[in-house]
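Shown below: coords.pdb, with PDB, C-alpha atoms.
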ATOM      1  CA  MET A 654     -27.763 -17.451   2.931
ATOM      2  CA  ARG A 655     -27.255 -14.451   5.219
ATOM      3  CA  TYR A 656     -28.937 -11.201   4.269
ATOM      4  CA  PHE A 657     -28.437  -7.769   5.810
ATOM      5  CA  GLU A 658     -31.389  -8.437   8.138
ATOM      6  CA  ASP A 659     -29.612 -11.491   9.614
ATOM      7  CA  PHE A 660     -26.828  -9.443  11.218
ATOM      8  CA  ALA A 661     -27.353  -7.785  14.601
ATOM      9  CA  ALA A 662     -25.134  -5.763  16.926
ATOM     10  CA  GLY A 663     -23.424  -7.958  19.504
ATOM     11  CA  GLN A 664     -23.220 -11.110  17.404
ATOM     12  CA  VAL A 665     -19.817 -12.838  17.405
ATOM     13  CA  ILE A 666     -18.568 -15.029  14.536
ATOM     14  CA  GLU A 667     -15.486 -17.206  14.998
ATOM     15  CA  THR A 668     -13.455 -19.036  12.372
ATOM     16  CA  GLU A 669     -11.397 -22.173  12.030
ATOM     17  CA  LYS A 670      -7.591 -21.993  12.281
ATOM     18  CA  LEU A 671      -4.958 -21.827   9.582
ATOM     19  CA  GLU A 672      -1.217 -22.346   9.889
ATOM     20  CA  ILE A 673       1.191 -20.047   8.086
ATOM     21  CA  THR A 674       4.458 -21.609   6.937
ATOM     22  CA  GLN A 675       7.745 -19.911   6.177
ATOM     23  CA  ALA A 676       7.211 -20.731   2.489
ATOM     24  CA  ASP A 677       3.797 -18.979   2.557
ATOM     25  CA  LEU A 678       5.253 -15.938   4.249
ATOM     26  CA  VAL A 679       8.198 -15.615   1.856
ATOM     27  CA  ALA A 680       6.088 -16.255  -1.272
ATOM     28  CA  PHE A 681       3.691 -13.392  -0.527
ATOM     29  CA  ALA A 682       6.442 -11.009   0.527
ATOM     30  CA  SER A 683       8.600 -11.802  -2.500
ATOM     31  CA  ARG A 684       5.802 -10.544  -4.719
ATOM     32  CA  PHE A 685       4.404  -7.645  -2.706
ATOM     33  CA  ASP A 686       6.622  -6.679   0.264
ATOM     34  CA  ALA A 687      10.184  -7.808  -0.409
ATOM     35  CA  GLN A 688      11.837  -6.329   2.674
ATOM     36  CA  ASP A 689      14.530  -8.446   4.317
ATOM     37  CA  PHE A 690      12.595  -9.105   7.510
ATOM     38  CA  HIS A 691       9.837 -10.695   5.375
ATOM     39  CA  THR A 692      11.984 -12.644   2.875
ATOM     40  CA  ASP A 693      15.445 -13.447   4.333
ATOM     41  CA  PRO A 694      15.587 -15.405   7.619
ATOM     42  CA  GLU A 695      19.250 -14.589   8.244
ATOM     43  CA  ALA A 696      19.000 -10.881   7.467
ATOM     44  CA  ALA A 697      15.814 -10.677   9.560
ATOM     45  CA  LYS A 698      17.768 -11.676  12.700
ATOM     46  CA  GLY A 699      19.505  -8.289  12.684
ATOM     47  CA  SER A 700      16.387  -6.293  11.877
ATOM     48  CA  PHE A 701      14.052  -4.174  13.992
ATOM     49  CA  VAL A 702      11.919  -7.264  14.751
ATOM     50  CA  GLY A 703      14.697  -9.833  15.324
ATOM     51  CA  GLY A 704      13.428 -12.537  12.991
ATOM     52  CA  LEU A 705      11.332 -13.392   9.957
ATOM     53  CA  ILE A 706       7.755 -12.061  10.159
ATOM     54  CA  ALA A 707       4.776 -11.837   7.821
ATOM     55  CA  SER A 708       4.054  -8.666   5.890
ATOM     56  CA  GLY A 709       1.238  -6.715   7.502
ATOM     57  CA  TRP A 710      -0.566  -6.764   4.158
ATOM     58  CA  HIS A 711      -0.256 -10.558   4.148
ATOM     59  CA  SER A 712      -1.960 -10.681   7.545
ATOM     60  CA  CYS A 713      -4.834  -8.582   6.166
ATOM     61  CA  ALA A 714      -5.145 -10.926   3.184
ATOM     62  CA  LEU A 715      -5.178 -13.996   5.450
ATOM     63  CA  LEU A 716      -7.879 -12.381   7.558
ATOM     64  CA  MET A 717      -9.910 -11.808   4.395
ATOM     65  CA  ARG A 718      -9.637 -15.516   3.561
ATOM     66  CA  LEU A 719     -10.932 -16.446   7.013
ATOM     67  CA  ILE A 720     -13.795 -13.971   6.641
ATOM     68  CA  ALA A 721     -14.713 -15.536   3.288
ATOM     69  CA  GLU A 722     -14.655 -19.034   4.731
ATOM     70  CA  SER A 723     -16.690 -18.162   7.815
ATOM     71  CA  PHE A 724     -19.606 -16.160   6.409
ATOM     72  CA  ILE A 725     -19.001 -14.009   3.307
ATOM     73  CA  LEU A 726     -19.545 -16.795   0.763
ATOM     74  CA  GLU A 727     -22.826 -17.732   2.434
ATOM     75  CA  SER A 728     -24.130 -14.174   2.345
ATOM     76  CA  THR A 729     -25.273 -11.446  -0.014
ATOM     77  CA  SER A 730     -21.980  -9.561   0.343
ATOM     78  CA  MET A 731     -21.580  -6.679  -2.107
ATOM     79  CA  GLY A 732     -18.024  -5.806  -1.061
ATOM     80  CA  SER A 733     -16.591  -3.254   1.339
ATOM     81  CA  PRO A 734     -16.173   0.511   0.930
ATOM     82  CA  GLY A 735     -13.038   0.484   3.073
ATOM     83  CA  ILE A 736     -11.354  -0.039   6.419
ATOM     84  CA  GLU A 737     -11.599   2.414   9.321
ATOM     85  CA  GLU A 738      -8.441   1.269  11.069
ATOM     86  CA  VAL A 739      -5.948  -1.598  11.229
ATOM     87  CA  LYS A 740      -3.585  -2.106  14.161
ATOM     88  CA  TRP A 741      -0.735  -4.574  13.730
ATOM     89  CA  LEU A 742      -0.284  -5.590  17.363
ATOM     90  CA  ARG A 743       2.036  -8.615  17.250
ATOM     91  CA  PRO A 744       4.272 -10.084  14.556
ATOM     92  CA  ILE A 745       3.128 -13.234  12.753
ATOM     93  CA  ARG A 746       5.930 -15.764  12.447
ATOM     94  CA  PRO A 747       6.311 -19.085  10.591
ATOM     95  CA  GLN A 748       4.205 -21.916  12.056
ATOM     96  CA  ASP A 749       1.827 -19.542  13.829
ATOM     97  CA  ARG A 750      -1.749 -20.858  13.858
ATOM     98  CA  LEU A 751      -4.239 -18.094  13.172
ATOM     99  CA  SER A 752      -7.985 -17.711  13.638
ATOM    100  CA  ALA A 753     -10.355 -14.761  13.555
ATOM    101  CA  ARG A 754     -13.101 -13.405  15.781
ATOM    102  CA  HIS A 755     -15.642 -10.969  14.290
ATOM    103  CA  THR A 756     -17.882  -8.853  16.507
ATOM    104  CA  ILE A 757     -20.769  -6.937  14.936
ATOM    105  CA  LEU A 758     -20.751  -3.365  16.234
ATOM    106  CA  GLU A 759     -23.730  -1.879  14.394
ATOM    107  CA  THR A 760     -25.953  -2.166  11.328
ATOM    108  CA  ARG A 761     -27.304   0.610   9.134
ATOM    109  CA  GLU A 762     -29.753   0.693   6.250
ATOM    110  CA  SER A 763     -28.497   2.459   3.141
ATOM    111  CA  ARG A 764     -30.357   5.688   2.427
ATOM    112  CA  SER A 765     -29.180   5.937  -1.173
ATOM    113  CA  ARG A 766     -29.557   2.242  -2.094
ATOM    114  CA  PRO A 767     -32.615   0.668  -0.439
ATOM    115  CA  GLU A 768     -31.690  -2.787  -1.743
ATOM    116  CA  MET A 769     -28.699  -2.988   0.634
ATOM    117  CA  GLY A 770     -27.490  -2.247   4.143
ATOM    118  CA  LEU A 771     -24.133  -1.866   5.871
ATOM    119  CA  VAL A 772     -22.712  -3.855   8.781
ATOM    120  CA  ARG A 773     -19.791  -2.612  10.878
ATOM    121  CA  PHE A 774     -17.412  -5.224  12.299
ATOM    122  CA  ARG A 775     -14.480  -5.299  14.663
ATOM    123  CA  CYS A 776     -12.260  -8.223  13.780
ATOM    124  CA  GLU A 777      -9.300  -9.731  15.604
ATOM    125  CA  LEU A 778      -6.748 -12.045  13.981
ATOM    126  CA  LEU A 779      -5.617 -14.286  16.848
ATOM    127  CA  ASN A 780      -2.487 -16.396  17.180
ATOM    128  CA  GLN A 781      -2.230 -19.859  18.756
ATOM    129  CA  ASP A 782      -2.030 -18.254  22.223
ATOM    130  CA  ASP A 783      -5.338 -16.455  21.581
ATOM    131  CA  LYS A 784      -3.503 -13.116  21.500
ATOM    132  CA  PRO A 785      -4.453 -10.590  18.797
ATOM    133  CA  ALA A 786      -1.883 -10.059  16.058
ATOM    134  CA  LEU A 787      -4.159  -7.679  14.173
ATOM    135  CA  GLU A 788      -7.268  -5.678  14.991
ATOM    136  CA  GLN A 789      -9.432  -4.251  12.227
ATOM    137  CA  THR A 790     -12.620  -2.166  12.094
ATOM    138  CA  TYR A 791     -14.515  -2.100   8.800
ATOM    139  CA  TRP A 792     -17.875  -2.051   6.990
ATOM    140  CA  ILE A 793     -19.340  -4.614   4.578
ATOM    141  CA  MET A 794     -22.326  -4.012   2.279
ATOM    142  CA  PHE A 795     -24.998  -6.751   2.164
ATOM    143  CA  GLY A 796     -28.039  -7.193  -0.027
ATOM    144  CA  ARG A 797     -31.385  -7.130   1.753
ATOM    145  CA  ARG A 798     -33.882  -9.973   1.741
ATOM    146  CA  GLY A 799     -35.971  -9.786  -1.430
ATOM    147  CA  SER A 800     -33.375  -7.658  -3.235
ATOM    148  CA  GLY A 801     -32.389 -10.453  -5.619
ATOM    149  CA  PHE A 802     -28.742 -10.526  -4.524
ATOM    150  CA  GLU A 803     -27.344 -14.018  -4.177
ATOM    151  CA  THR A 804     -23.823 -15.461  -4.203
ATOM    152  CA  PRO A 805     -23.487 -17.513  -7.426
ATOM    153  CA  ALA A 806     -23.054 -21.242  -6.886
ATOM    154  CA  GLY A 807     -19.487 -22.437  -7.249
ATOM    155  CA  ASP A 808     -16.657 -24.162  -5.440
ATOM    156  CA  TRP A 809     -15.001 -20.862  -4.571
ATOM    157  CA  LEU A 810     -12.949 -22.290  -1.704
ATOM    158  CA  ALA A 811     -11.335 -25.081  -3.721
ATOM    159  CA  HIS A 812      -7.946 -23.363  -3.772
ATOM    160  CA  SER A 813      -5.008 -22.994  -1.409
ATOM    161  CA  ARG A 814      -4.753 -20.262   1.211
ATOM    162  CA  SER A 815      -1.154 -19.754   0.013
ATOM    163  CA  TYR A 816      -0.320 -17.182  -2.626
ATOM    164  CA  LEU A 817       0.811 -18.837  -5.847
ATOM    165  CA  ALA A 818       1.783 -16.311  -8.514
ATOM    166  CA  PRO A 819       0.415 -17.198 -11.969
ATOM    167  CA  GLY A 820       2.593 -17.575 -15.036
ATOM    168  CA  ARG A 821       1.891 -14.089 -16.373
ATOM    169  CA  THR A 822       2.251 -11.180 -13.956
ATOM    170  CA  SER A 823       3.110  -7.544 -14.420
ATOM    171  CA  GLU A 824       6.044  -5.981 -12.625
ATOM    172  CA  VAL A 825       6.051  -2.565 -10.976
ATOM    173  CA  GLU A 826       7.134   0.115 -13.438
ATOM    174  CA  PRO A 827       9.255   2.654 -11.515
ATOM    175  CA  ALA A 828       8.418   6.337 -11.599
ATOM    176  CA  ALA A 829      10.106   8.364 -14.333
ATOM    177  CA  GLY A 830      13.167  10.429 -13.476
ATOM    178  CA  PRO A 831      15.859  10.028 -10.825
ATOM    179  CA  ALA A 832      15.048   9.121  -7.233
ATOM    180  CA  ILE A 833      16.119  11.319  -4.343
ATOM    181  CA  PRO A 834      18.449   9.639  -1.790
ATOM    182  CA  ALA A 835      16.814   7.841   1.137
ATOM    183  CA  ARG A 836      16.504  10.113   4.166
ATOM    184  CA  PHE A 837      16.895   9.585   7.867
ATOM    185  CA  PHE A 838      13.952  10.520  10.080
ATOM    186  CA  ASP A 839      15.655  13.811  10.973
ATOM    187  CA  ASP A 840      15.798  14.897   7.315
ATOM    188  CA  LEU A 841      12.261  14.010   6.194
ATOM    189  CA  VAL A 842      10.434  16.986   4.672
ATOM    190  CA  LEU A 843       6.755  17.451   5.536
ATOM    191  CA  GLY A 844       4.579  17.878   2.470
ATOM    192  CA  GLU A 845       7.038  16.157   0.146
ATOM    193  CA  SER A 846       5.259  13.884  -2.341
ATOM    194  CA  HIS A 847       6.601  10.979  -4.386
ATOM    195  CA  GLU A 848       5.310   8.890  -7.256
ATOM    196  CA  LEU A 849       6.118   5.316  -6.248
ATOM    197  CA  GLY A 850       5.506   3.500  -9.529
ATOM    198  CA  SER A 851       2.673   1.812 -11.389
ATOM    199  CA  LEU A 852       1.258  -1.683 -11.815
ATOM    200  CA  VAL A 853      -1.042  -3.263 -14.395
ATOM    201  CA  PHE A 854      -3.615  -5.615 -12.872
ATOM    202  CA  THR A 855      -3.739  -8.614 -15.199
ATOM    203  CA  PRO A 856      -6.743 -10.981 -15.241
ATOM    204  CA  ASP A 857      -4.492 -13.922 -14.321
ATOM    205  CA  GLU A 858      -3.116 -12.298 -11.208
ATOM    206  CA  ILE A 859      -6.488 -10.868 -10.146
ATOM    207  CA  VAL A 860      -7.868 -14.408 -10.144
ATOM    208  CA  ALA A 861      -4.769 -15.950  -8.526
ATOM    209  CA  PHE A 862      -4.798 -13.465  -5.641
ATOM    210  CA  ALA A 863      -8.541 -13.911  -5.137
ATOM    211  CA  ARG A 864      -8.315 -17.715  -5.119
ATOM    212  CA  SER A 865      -5.873 -17.547  -2.227
ATOM    213  CA  PHE A 866      -7.240 -14.680  -0.155
ATOM    214  CA  ASP A 867     -10.531 -13.179  -1.349
ATOM    215  CA  PRO A 868     -12.491 -15.892  -3.146
ATOM    216  CA  GLN A 869     -15.591 -13.878  -3.947
ATOM    217  CA  PRO A 870     -17.086 -14.610  -7.376
ATOM    218  CA  PHE A 871     -16.650 -11.079  -8.785
ATOM    219  CA  HIS A 872     -12.878 -11.424  -8.247
ATOM    220  CA  MET A 873     -12.621 -14.950  -9.698
ATOM    221  CA  ASP A 874     -15.117 -15.538 -12.470
ATOM    222  CA  GLU A 875     -15.827 -13.238 -15.421
ATOM    223  CA  ALA A 876     -19.422 -14.398 -15.887
ATOM    224  CA  ALA A 877     -20.235 -14.000 -12.194
ATOM    225  CA  ALA A 878     -18.556 -10.581 -12.191
ATOM    226  CA  ARG A 879     -20.670  -9.386 -15.140
ATOM    227  CA  ASN A 880     -23.815 -10.224 -13.171
ATOM    228  CA  SER A 881     -22.569  -8.504 -10.007
ATOM    229  CA  SER A 882     -22.843  -4.851  -9.021
ATOM    230  CA  PHE A 883     -19.270  -4.377 -10.366
ATOM    231  CA  GLY A 884     -20.178  -5.417 -13.919
ATOM    232  CA  ALA A 885     -16.788  -6.960 -14.781
ATOM    233  CA  LEU A 886     -13.874  -8.853 -13.257
ATOM    234  CA  CYS A 887     -12.201  -6.654 -10.642
ATOM    235  CA  ALA A 888      -9.329  -6.957  -8.195
ATOM    236  CA  SER A 889      -9.709  -7.633  -4.491
ATOM    237  CA  GLY A 890      -9.252  -4.455  -2.493
ATOM    238  CA  TRP A 891      -6.434  -6.198  -0.638
ATOM    239  CA  HIS A 892      -4.757  -6.886  -3.981
ATOM    240  CA  THR A 893      -4.906  -3.154  -4.747
ATOM    241  CA  ALA A 894      -3.376  -2.436  -1.327
ATOM    242  CA  ALA A 895      -0.647  -5.060  -1.797
ATOM    243  CA  GLY A 896       0.163  -3.406  -5.140
ATOM    244  CA  TRP A 897       0.825  -0.156  -3.268
ATOM    245  CA  MET A 898       3.297  -1.982  -1.026
ATOM    246  CA  ALA A 899       5.050  -3.534  -4.030
ATOM    247  CA  ALA A 900       5.449  -0.075  -5.588
ATOM    248  CA  MET A 901       6.695   1.332  -2.262
ATOM    249  CA  VAL A 902       9.429  -1.340  -2.066
ATOM    250  CA  VAL A 903      10.606  -0.550  -5.613
ATOM    251  CA  HIS A 904      10.627   3.172  -4.771
ATOM    252  CA  ARG A 905      12.561   2.545  -1.567
ATOM    253  CA  ARG A 906      15.220   0.489  -3.340
ATOM    254  CA  ARG A 907      15.732   3.303  -5.840
ATOM    255  CA  GLN A 908      16.122   5.745  -2.948
ATOM    256  CA  GLU A 909      18.702   3.507  -1.259
ATOM    257  CA  ALA A 910      20.664   3.193  -4.507
ATOM    258  CA  ALA A 911      20.609   6.995  -4.873
ATOM    259  CA  PHE A 912      21.909   7.322  -1.279
ATOM    260  CA  ARG A 913      24.863   5.047  -2.003
ATOM    261  CA  ALA A 914      25.627   6.881  -5.235
ATOM    262  CA  ALA A 915      25.511  10.263  -3.508
ATOM    263  CA  PHE A 916      27.335   9.502  -0.271
ATOM    264  CA  GLY A 917      29.422   6.400  -0.929
ATOM    265  CA  ALA A 918      30.381   5.431   2.612
ATOM    266  CA  GLY A 919      27.738   4.521   5.142
ATOM    267  CA  SER A 920      24.468   2.632   4.909
ATOM    268  CA  PRO A 921      21.091   4.094   3.929
ATOM    269  CA  PRO A 922      18.631   4.594   6.782
ATOM    270  CA  ARG A 923      16.686   1.466   7.565
ATOM    271  CA  LEU A 924      12.920   1.208   7.471
ATOM    272  CA  GLY A 925      11.130  -0.608  10.260
ATOM    273  CA  PRO A 926       7.640  -2.117  10.319
ATOM    274  CA  SER A 927       4.368  -0.200  10.460
ATOM    275  CA  PRO A 928       2.079  -0.227  13.518
ATOM    276  CA  GLY A 929      -0.993   0.107  11.291
ATOM    277  CA  PHE A 930      -3.069   2.473   9.149
ATOM    278  CA  LYS A 931      -6.355   4.377   9.071
ATOM    279  CA  ASN A 932      -9.063   5.485   6.651
ATOM    280  CA  LEU A 933      -8.412   3.026   3.845
ATOM    281  CA  ARG A 934     -10.916   3.708   1.055
ATOM    282  CA  TRP A 935     -11.638   1.624  -2.042
ATOM    283  CA  LEU A 936     -13.192   4.429  -4.065
ATOM    284  CA  LYS A 937     -13.595   2.722  -7.455
ATOM    285  CA  PRO A 938     -13.166  -0.855  -8.683
ATOM    286  CA  VAL A 939      -9.828  -1.859 -10.220
ATOM    287  CA  TYR A 940     -10.721  -3.802 -13.354
ATOM    288  CA  ALA A 941      -8.626  -6.263 -15.324
ATOM    289  CA  GLY A 942      -6.193  -4.297 -17.494
ATOM    290  CA  ASP A 943      -6.201  -1.156 -15.346
ATOM    291  CA  ARG A 944      -2.866   0.510 -14.646
ATOM    292  CA  ILE A 945      -2.716   1.976 -11.150
ATOM    293  CA  THR A 946      -0.094   4.611 -10.330
ATOM    294  CA  TYR A 947       0.668   4.957  -6.633
ATOM    295  CA  HIS A 948       1.725   8.116  -4.765
ATOM    296  CA  SER A 949       2.760   8.901  -1.188
ATOM    297  CA  ARG A 950       3.006  12.257   0.618
ATOM    298  CA  ILE A 951       4.656  12.830   4.019
ATOM    299  CA  VAL A 952       2.198  14.589   6.326
ATOM    300  CA  ASP A 953       3.760  14.341   9.802
ATOM    301  CA  LYS A 954       6.598  12.789  11.809
ATOM    302  CA  ARG A 955       7.206  12.030  15.474
ATOM    303  CA  ALA A 956      10.192  10.732  17.434
ATOM    304  CA  SER A 957       9.646   7.358  19.087
ATOM    305  CA  ALA A 958       9.612   7.541  22.884
ATOM    306  CA  SER A 959      10.175   3.799  23.347
ATOM    307  CA  ARG A 960      12.836   3.406  20.636
ATOM    308  CA  PRO A 961      14.950   6.583  20.597
ATOM    309  CA  GLN A 962      17.017   5.431  17.610
ATOM    310  CA  TRP A 963      13.853   5.369  15.482
ATOM    311  CA  GLY A 964      11.135   7.813  14.480
ATOM    312  CA  LEU A 965       7.646   7.443  13.033
ATOM    313  CA  PHE A 966       6.597   9.202   9.842
ATOM    314  CA  PHE A 967       3.001   9.502   8.645
ATOM    315  CA  HIS A 968       1.983   9.479   4.997
ATOM    316  CA  HIS A 969      -1.116   9.935   2.832
ATOM    317  CA  ASN A 970      -1.266   7.451  -0.046
ATOM    318  CA  THR A 971      -3.292   7.159  -3.228
ATOM    319  CA  GLY A 972      -3.713   4.917  -6.260
ATOM    320  CA  ILE A 973      -4.848   6.560  -9.522
ATOM    321  CA  ASN A 974      -5.987   4.685 -12.623
ATOM    322  CA  GLN A 975      -5.160   5.412 -16.260
ATOM    323  CA  ASN A 976      -8.213   7.696 -16.486
ATOM    324  CA  GLY A 977      -6.955   9.949 -13.687
ATOM    325  CA  GLU A 978      -9.497   8.603 -11.174
ATOM    326  CA  THR A 979      -8.450   7.969  -7.576
ATOM    327  CA  VAL A 980      -9.366   4.350  -6.844
ATOM    328  CA  PHE A 981      -7.659   3.860  -3.486
ATOM    329  CA  SER A 982      -6.358   5.894  -0.532
ATOM    330  CA  PHE A 983      -5.219   5.464   3.051
ATOM    331  CA  GLU A 984      -3.292   7.097   5.902
ATOM    332  CA  GLY A 985      -0.239   5.084   6.916
ATOM    333  CA  CYS A 986       2.785   5.300   9.188
ATOM    334  CA  ALA A 987       6.104   3.472   9.567
ATOM    335  CA  PHE A 988       9.314   3.518  11.579
ATOM    336  CA  VAL A 989      12.485   4.922  10.012
ATOM    337  CA  GLU A 990      15.982   5.104  11.450
ATOM    338  CA  ARG A 991      17.339   8.312  12.998
ATOM    339  CA  ARG A 992      20.866   9.588  12.562
ATOM    340  CA  SER A 993      23.408   7.995  14.928
TER     341      SER A 993
END

Let me see whether you can do it: turn the structure in this file into structure tokens.
Amino acid sequence: MRYFEDFAAGQVIETEKLEITQADLVAFASRFDAQDFHTDPEAAKGSFVGGLIASGWHSCALLMRLIAESFILESTSMGSPGIEEVKWLRPIRPQDRLSARHTILETRESRSRPEMGLVRFRCELLNQDDKPALEQTYWIMFGRRGSGFETPAGDWLAHSRSYLAPGRTSEVEPAAGPAIPARFFDDLVLGESHELGSLVFTPDEIVAFARSFDPQPFHMDEAAARNSSFGALCASGWHTAAGWMAAMVVHRRRQEAAFRAAFGAGSPPRLGPSPGFKNLRWLKPVYAGDRITYHSRIVDKRASASRPQWGLFFHHNTGINQNGETVFSFEGCAFVERRS
């Protein structure tokens, strides 16, 4: 069992490898990020990236699984408050073999909660050529020795690393009212805010997601969750983030339909992939039965120097529960097509 005191700056933790198949990639994307370059091999050939690739959120979830396997489930982990930054550096394609390397950057005792401390990591998700596909900087909270925090006994890793949707899931409920037509980069309006849609986090899907990607007891077992610092079964933070992406895809499809209805001829502007995000915060737990409504606001945009037919837009995103509490936020960016 690793306690806060067992982590020291400079330590490096490496993981075993996992192989991602096309079926894995498409299954995750079909639920959470159903863009053509994640779900349709033929359509992906003509996309920004030239072939089928994993959703960036899928890569984060796979990294979480490797973290769980390598040290989290043998520690006094109390969860993470958020992610400082993620950089998606290289696409992940079917049959890639992935591993992770974690470097401890610093440790810090908690001033407000003496029973725990925080450890800051830099983590790289590496492909079979030992090249980073993803780089992530984040904090994890750990119980201190003598604090009484222990990971409950259980075969938490007895499930597949592939996402298998359970029988009962909730679908994204679109925002009320008509959608505005999709806009090219040139026409994006700074400060404009959109409600993307909402999603109910069912107990079945909370557990199914956690079994595949974040097999910590408070995401998988109601009794263990009641005895944790969360007090009840709650969703993985990466599940909350993937829910944002699912709502964004529904919102985008409504915008594309509105574009076709308004303009008839011509195709809606295409979206490209995202190079990463910053300042992701899990502010409150998402419990079983919570409905999270997601929003996105455009805060900046910049023409791409390397790809003149594309531009980057930057957005601030939130998830708000049924009680009006913000449970999730981050700063993202993505490519969008410019006018011909």

What lies within 7 Å of A:Asp867 using only C-alpha atoms, ignoring chain neighbours under 2 positions off, as a PyMOL selection string? chain A and resi 717-718+721+863-865+869+889

Selected residue, from A:Ala895, A:Ile833, A:Ala697, A:Cys776, that lies nearest to A:Val665 when counting only C-alpha atoms: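 Checking each of A:Ala895, A:Ile833, A:Ala697, A:Cys776 against A:Val665, counting only C-alpha atoms, the winner is A:Cys776.
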
Within 9 Å of (-13.0, 7.3, -5.4) in the file's own coordinates, which protein, DNA or RNA residues have an atom, counting all atoms listed in the file? List them as a VMD selection string. chain A and resid 934 to 938 978 to 982

Could you check the closest approach to A:Ser957 for each of A:Ala900, A:Gly925, A:Lys698, A:Tyr940 and tell me which residue wins, using only C-alpha atoms? A:Gly925

Tell me which residues come within 10 Å of (-2.8, 4.8, 7.7), as a list in words, counting all atoms listed in the file in the file's coordinates. Ile736, Glu737, Glu738, Val739, Lys740, Ser927, Pro928, Gly929, Phe930, Lys931, Asn932, Leu933, Phe967, His968, His969, Asn970, Ser982, Phe983, Glu984, Gly985, Cys986 and Ala987 of chain A

Could you pull the residues within 10 Å of stretch 843-847 of chain A, counting all atoms listed in the file, minus those fewer than 3 positions along the same chain, as a JSON list (two decimals) with C-alpha atoms, in the frame of the given file?
[["chain", "number", "residue", "atom", "x", "y", "z"],
["A", 828, "ALA", "CA", 8.42, 6.34, -11.60],
["A", 832, "ALA", "CA", 15.05, 9.12, -7.23],
["A", 833, "ILE", "CA", 16.12, 11.32, -4.34],
["A", 840, "ASP", "CA", 15.80, 14.90, 7.32],
["A", 850, "GLY", "CA", 5.51, 3.50, -9.53],
["A", 901, "MET", "CA", 6.70, 1.33, -2.26],
["A", 904, "HIS", "CA", 10.63, 3.17, -4.77],
["A", 947, "TYR", "CA", 0.67, 4.96, -6.63],
["A", 948, "HIS", "CA", 1.72, 8.12, -4.76],
["A", 949, "SER", "CA", 2.76, 8.90, -1.19],
["A", 950, "ARG", "CA", 3.01, 12.26, 0.62],
["A", 951, "ILE", "CA", 4.66, 12.83, 4.02],
["A", 952, "VAL", "CA", 2.20, 14.59, 6.33],
["A", 953, "ASP", "CA", 3.76, 14.34, 9.80],
["A", 954, "LYS", "CA", 6.60, 12.79, 11.81],
["A", 966, "PHE", "CA", 6.60, 9.20, 9.84],
["A", 967, "PHE", "CA", 3.00, 9.50, 8.64],
["A", 968, "HIS", "CA", 1.98, 9.48, 5.00],
["A", 969, "HIS", "CA", -1.12, 9.94, 2.83],
["A", 970, "ASN", "CA", -1.27, 7.45, -0.05]]

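In this model, the gap between atom CA of A:Gly964 and atom CA of A:Gly917 comes to 24.0 Å.
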
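Shortest atom-to-atom contact with A:Trp897 among A:Leu810, A:Leu849, A:Ala878, A:Leu779: A:Leu849, counting all atoms listed in the file.
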
Looking at A:Asp783, A:Glu762, A:Glu768, A:Asp808, which one is nearest to A:Gly796, with distances taken over only C-alpha atoms?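 Answer, going by the shortest atom-to-atom distance: A:Glu768.
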
Explicit residues for the PyMOL selection byres ((chain A and resi 683) around 12) (as a ChimeraX atom specification): /A:675-682,684-693,707-708,711,816-818,824,895,898-899,902-903

I'd like to know which of A:Arg821, A:His872, A:Arg750, A:Arg944 is closest to A:Trp891, using all atoms listed in the file. A:His872

Can you turn the PyMOL selection byres ((chain A and resi 743) around 8) into a concrete residue list for this file, as number ranges by chain? A: 741-742, 744-745, 785-787

Keeping only C-alpha atoms, write the selected residues as a tab-separated table (two decimals), in the frame of the given file.
chain	number	residue	atom	x	y	z
A	741	TRP	CA	-0.74	-4.57	13.73
A	742	LEU	CA	-0.28	-5.59	17.36
A	744	PRO	CA	4.27	-10.08	14.56
A	745	ILE	CA	3.13	-13.23	12.75
A	785	PRO	CA	-4.45	-10.59	18.80
A	786	ALA	CA	-1.88	-10.06	16.06
A	787	LEU	CA	-4.16	-7.68	14.17

Please write as a PyMOL selection string the full residue list that the PyMOL selection byres ((chain A and resi 881-884) around 12) yields on this file. chain A and resi 729-732+766+768-769+794-796+801-805+869-880+885-889+937-941

Long-range neighbours of A:Leu758 as a list in words, 8 Å cut-off, all atoms listed in the file, 4 positions minimum in chain: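 Selected residues are Ala662, Gly663, Val772, Arg773, Phe774 and Arg775 of chain A.
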
Keeping only C-alpha atoms, write those residues as a compact mmCIF listing (two decimals), in the frame of the given file.
# COMPACT_ATOMS: atom_id res chain seq x y z
CA ALA A 662 -25.13 -5.76 16.93
CA GLY A 663 -23.42 -7.96 19.50
CA VAL A 772 -22.71 -3.86 8.78
CA ARG A 773 -19.79 -2.61 10.88
CA PHE A 774 -17.41 -5.22 12.30
CA ARG A 775 -14.48 -5.30 14.66

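We find atom CA of A:Gly942 and atom CA of A:Val853 to be spaced 6.1 Å apart.
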